[in-house]
Amino acid sequence: MASTAPLPASAVRQLLDQLLEVEFSFRDTAQPAAAIAALPAERQARLISWIRRIASTHVELGYQVACRGVAAQALMAPDDFEAWIFHSMDRYDAEGLRPALRVIEQYRQFAGQQQARSRGALLQEHEGVLSHFLRGLSGRPLKLSAADTIHTDSETLFLPPLLAGLPTPEQNFQHYKVTCALLWAQIRFGSFRPLLSLNAPDPGLLALYHAMELLRLKACLRRALPGLHRQLEQISQALGEAALPAEWTGLLARLETPETQATDVLALARQQLGRLTPYPSAGQPILLDLEAVRACMPARMEKERARFKVALNSLLEELPRGEREQRPSRFTKQREEDPSVPEGFRVEILLDDMPAPLPDEVQALQRSILLDLGEIPDDYLQPAGPGDYDPALLRDPKRDADDVWRGSYHEEGAHLYDEWDFQRRHYRKNWCAVREREITPLYDDFAARTLAKHHGLIKHLRKTFEAMRHENRLLKRQPEGDEVDIDALVEALADAHLGFEMTERLLTKMQRNERNIAVVFMVDMSGSTKGWINDAERESLLLLCEALQSLGDRYAIYGFSGMTRKRCELFHIKHFEESYGELIRARISAIEPQDYTRMGFAIRHLTRVLQQTEAKTRLLVTLSDGKPDDYDGYRGQYGIEDTRRALIEARRGGIHPYCITIDEEARDYLPHLYGPAAYSVVDDVRALPLKVSDIYRRLTR
């Protein structure tokens, strides 16, 4: 598209027919081709380029962009147009074709939203900061989720994906922050407690109660968190919140007193029902969603009651047997006023009139129960024995990783990683669902046979690695030392001859080479490693571990395999903090071929593992038998380009990647992936055990 003249309609139509596979469909490209042909050359070339990229994801998306792209370009700046295309592709990845088509059809709405985004705040961008902010507030850990309405179910805060009601992004972020504070206050100060017992509350009563309760909550925030309350007042003023109606001012003093509780507010709302009408709030209203709370809160309360009673029983069982038999122990509670906490009091659990030693997780349970009930009921203090509760209440629901094909489970509890699509030139967001799985140790004779087979080699490697640990390195240009640095002396004499002052750094000295290295070995466990290759990999790891015992470097070992983006698995063989021994040998012995060689997710996950490890030098060493591959389209150039992008990300993160492979065709693609000096090809699989240790020695000298 380097031509200075725009393409005529016939050429545009021919190109669209080719990109959109018209011969296999009933799409009519005449009308969009005519509109595109009328564009100036630069805009035409840019639009056709975007059609090409989105058609690589789905030809129907490409066709719809061809039909609407001219109008969308006229409405949007180039960056916004690009965001529109990427948003549709991301929606296709996450939800499928129909939602993606809806994004393209609603380009006018998207253009308006982009204008709002220039001054607004996005929940996605600020979710991390807001989550830390919520953790800083006392009480139950809370999650954040995007929704059309602002409300909470007592465990999750639901917020709009975009807030743009104020002039600047900073103000809109503060709007998010104070909104989180008000939703937290609903939970913290018991807004839902008096409502759960109501069968079918009058909507008018609920609306009036909610308006009154917001005034009480603001007063609670003013007392507990005055700085945050000032921010709330500033945001309300910026949003243009109207003054409180005159008929409400008489109630304000009653609602703002520290003694007023949510039950008092409900009684007041009943008294004023029909006399007062709720006043409108500024900005998007914060809702009191009773149905959402009822769907979440009772189940949690039942579970926490059972867990608390069982925890108290466990405390009793830890008492000496003679003490338990001599006299029965009992739990009581003691309430102490404490103005330093938001609710103004603390509840201490006593065992035989002495403070009970509650573990941290039981104290967290107690705080959560106080949030829901405002107290610890007496029946919660009766320890639960066997048969007093449903055992299912004590277990968090877990599913085996082999269930990944059922429903949307592939995303539940998984690490989600982007994947690079070279045709789009854009990431597929949260595309790969990644799990770390335990590998079941296999206590057979493989380790013993390998150590006996390579006894002489192991002895040699240990001596070599031991020598590396005690290596000294020569430091030049030192002010103190044992020998004269000839190069420094020659330069100093030349400086003196020219009239400059001679340096004092004219000596050399030897210094012990302090090693500060962290290495992750990423082992290919794809189905193609079956047989000799699998045996050679396992032998290599055993020999390497034996040798590394002499060196003292920190290292971890993970196997990797995958079957489509939904089942990307890393098999834990050795963590950094684990010591090498019989268990690690048994895990190495248990390494066996799995599925395919999807590599990008493994590199991204292990890069994160390495970045969390303090070390001067971080290495990611891949041991593989072939190129990236998976049967869902990952093979070929797609897999190679994603793997290359993941390696680029690793290098940017301070990681040094290296690949050891036995693939005879590796020289065709590894220079593109790793660079010309960051890989080794082992021609004979039987030489792999020796080569791996030798390569590691050269890498870390």
# chains A, B, ... in the order shown; residues from 1 in each chain; ligands from 1
$ residues_around --residues "Leu208 in chain A" --least-positions-apart "3" --cutoff "12 Å" --atoms "only C-alpha atoms" --output "list in words"
Pro201, Asp202, Pro203, Gly204, Leu205, Ala211, Met212, Glu213, Leu214, Leu215, Trp248, Val265, Leu266, Ala267, Leu268, Ala269, Arg270, Gln271, Gln272, Leu273, Gly274, Arg275, Leu276, Thr277, Pro278, Tyr279, Pro280, Leu287 and Leu288 of chain A
$ residues_around --residues "Leu350 in chain A" --least-positions-apart "6" --cutoff "7 Å" --atoms "only C-alpha atoms" --output "ChimeraX atom specification"
/A:331-333,356
$ atom_distance --atom1 "CA of Leu457 in chain A" --atom2 "CA of Ile557 in chain A"
21.5 Å
$ closest_residue --among "A:Leu373, A:Leu365, A:Leu544, A:Leu461" --to "Leu195 in chain A" --atoms "only C-alpha atoms"
A:Leu373
$ residues_around --residues "range 415-423 of chain A" --least-positions-apart "4" --cutoff "10 Å" --atoms "only C-alpha atoms" --output "JSON, numbers by chain"
{"A": [52, 53, 54, 55, 56, 57, 410, 411, 427, 428, 429, 430, 431, 432, 433, 434, 435, 436, 565, 566, 568, 600, 601, 602, 604, 605, 634, 637, 638, 639, 640, 641, 642, 643, 644, 645, 646]}
$ write_last_selection --atoms "C-alpha atoms" --output "PDB file, in the first residue's frame"
ATOM      1  CA  ARG A  52      -6.680  -7.520   6.779  1.00  0.00           C
ATOM      2  CA  ARG A  53      -5.706  -7.821  10.452  1.00  0.00           C
ATOM      3  CA  ILE A  54      -9.186  -8.298  11.859  1.00  0.00           C
ATOM      4  CA  ALA A  55     -10.139 -10.720   9.074  1.00  0.00           C
ATOM      5  CA  SER A  56      -7.298 -12.954  10.285  1.00  0.00           C
ATOM      6  CA  THR A  57      -9.344 -13.363  13.471  1.00  0.00           C
ATOM      7  CA  HIS A 410     -10.755 -23.418  32.515  1.00  0.00           C
ATOM      8  CA  GLU A 411     -10.610 -19.851  33.875  1.00  0.00           C
ATOM      9  CA  TYR A 427      -2.243  -9.642  22.188  1.00  0.00           C
ATOM     10  CA  ARG A 428      -5.177 -11.940  22.820  1.00  0.00           C
ATOM     11  CA  LYS A 429      -6.094 -10.791  26.335  1.00  0.00           C
ATOM     12  CA  ASN A 430      -6.195 -13.350  29.168  1.00  0.00           C
ATOM     13  CA  TRP A 431      -6.083 -16.049  26.513  1.00  0.00           C
ATOM     14  CA  CYS A 432      -4.211 -18.907  28.205  1.00  0.00           C
ATOM     15  CA  ALA A 433      -5.482 -20.509  31.417  1.00  0.00           C
ATOM     16  CA  VAL A 434      -2.375 -21.703  33.268  1.00  0.00           C
ATOM     17  CA  ARG A 435      -2.126 -23.957  36.291  1.00  0.00           C
ATOM     18  CA  GLU A 436       0.749 -25.273  38.331  1.00  0.00           C
ATOM     19  CA  ARG A 565      -5.269 -22.437  25.488  1.00  0.00           C
ATOM     20  CA  LYS A 566      -7.696 -23.848  28.065  1.00  0.00           C
ATOM     21  CA  CYS A 568      -1.819 -24.952  29.855  1.00  0.00           C
ATOM     22  CA  GLY A 600       4.584 -18.907  25.330  1.00  0.00           C
ATOM     23  CA  PHE A 601       2.510 -19.364  28.497  1.00  0.00           C
ATOM     24  CA  ALA A 602       5.304 -21.324  30.218  1.00  0.00           C
ATOM     25  CA  ARG A 604       5.586 -15.889  30.742  1.00  0.00           C
ATOM     26  CA  HIS A 605       4.708 -17.734  33.952  1.00  0.00           C
ATOM     27  CA  TYR A 634      -0.662 -22.680  17.656  1.00  0.00           C
ATOM     28  CA  GLN A 637       4.421 -19.247  12.508  1.00  0.00           C
ATOM     29  CA  TYR A 638       1.753 -18.379  15.090  1.00  0.00           C
ATOM     30  CA  GLY A 639       3.432 -20.457  17.825  1.00  0.00           C
ATOM     31  CA  ILE A 640       6.920 -19.322  16.873  1.00  0.00           C
ATOM     32  CA  GLU A 641       5.954 -15.635  16.962  1.00  0.00           C
ATOM     33  CA  ASP A 642       4.160 -15.948  20.306  1.00  0.00           C
ATOM     34  CA  THR A 643       7.156 -17.753  21.804  1.00  0.00           C
ATOM     35  CA  ARG A 644       9.500 -15.106  20.396  1.00  0.00           C
ATOM     36  CA  ARG A 645       7.365 -12.337  21.900  1.00  0.00           C
ATOM     37  CA  ALA A 646       7.357 -14.102  25.287  1.00  0.00           C
TER      38      ALA A 646
END
$ select_by_dssp --residues "range 487-613 of chain A" --states "strand (DSSP E)" --output "ChimeraX atom specification"
/A:507-512,517-524,554-562,568-574
$ write_last_selection --atoms "C-alpha atoms" --output "PDB file, in the first residue's frame"
ATOM      1  CA  LEU A 507      47.437  -2.477  41.245  1.00  0.00           C
ATOM      2  CA  THR A 508      45.558  -5.745  40.736  1.00  0.00           C
ATOM      3  CA  LYS A 509      44.110  -8.121  43.295  1.00  0.00           C
ATOM      4  CA  MET A 510      42.215 -11.393  43.289  1.00  0.00           C
ATOM      5  CA  GLN A 511      38.680 -11.495  44.677  1.00  0.00           C
ATOM      6  CA  ARG A 512      36.484 -14.496  45.418  1.00  0.00           C
ATOM      7  CA  ILE A 517      22.349 -16.746  40.414  1.00  0.00           C
ATOM      8  CA  ALA A 518      18.761 -18.014  40.154  1.00  0.00           C
ATOM      9  CA  VAL A 519      17.911 -20.490  37.382  1.00  0.00           C
ATOM     10  CA  VAL A 520      14.653 -22.053  36.252  1.00  0.00           C
ATOM     11  CA  PHE A 521      14.885 -25.169  34.095  1.00  0.00           C
ATOM     12  CA  MET A 522      11.829 -25.416  31.822  1.00  0.00           C
ATOM     13  CA  VAL A 523      11.489 -29.041  30.687  1.00  0.00           C
ATOM     14  CA  ASP A 524       9.455 -30.077  27.658  1.00  0.00           C
ATOM     15  CA  ARG A 554      19.508 -21.545  43.527  1.00  0.00           C
ATOM     16  CA  TYR A 555      17.449 -23.384  40.939  1.00  0.00           C
ATOM     17  CA  ALA A 556      13.929 -24.582  40.222  1.00  0.00           C
ATOM     18  CA  ILE A 557      12.602 -27.167  37.760  1.00  0.00           C
ATOM     19  CA  TYR A 558       9.222 -27.109  36.007  1.00  0.00           C
ATOM     20  CA  GLY A 559       7.823 -29.340  33.291  1.00  0.00           C
ATOM     21  CA  PHE A 560       5.427 -27.843  30.753  1.00  0.00           C
ATOM     22  CA  SER A 561       2.799 -29.102  28.352  1.00  0.00           C
ATOM     23  CA  GLY A 562      -0.559 -27.977  27.016  1.00  0.00           C
ATOM     24  CA  CYS A 568      -1.819 -24.952  29.855  1.00  0.00           C
ATOM     25  CA  GLU A 569       0.012 -26.832  32.572  1.00  0.00           C
ATOM     26  CA  LEU A 570       3.255 -26.429  34.479  1.00  0.00           C
ATOM     27  CA  PHE A 571       4.371 -29.393  36.545  1.00  0.00           C
ATOM     28  CA  HIS A 572       6.201 -28.518  39.751  1.00  0.00           C
ATOM     29  CA  ILE A 573       9.323 -30.666  40.104  1.00  0.00           C
ATOM     30  CA  LYS A 574      11.453 -28.454  42.343  1.00  0.00           C
TER      31      LYS A 574
END
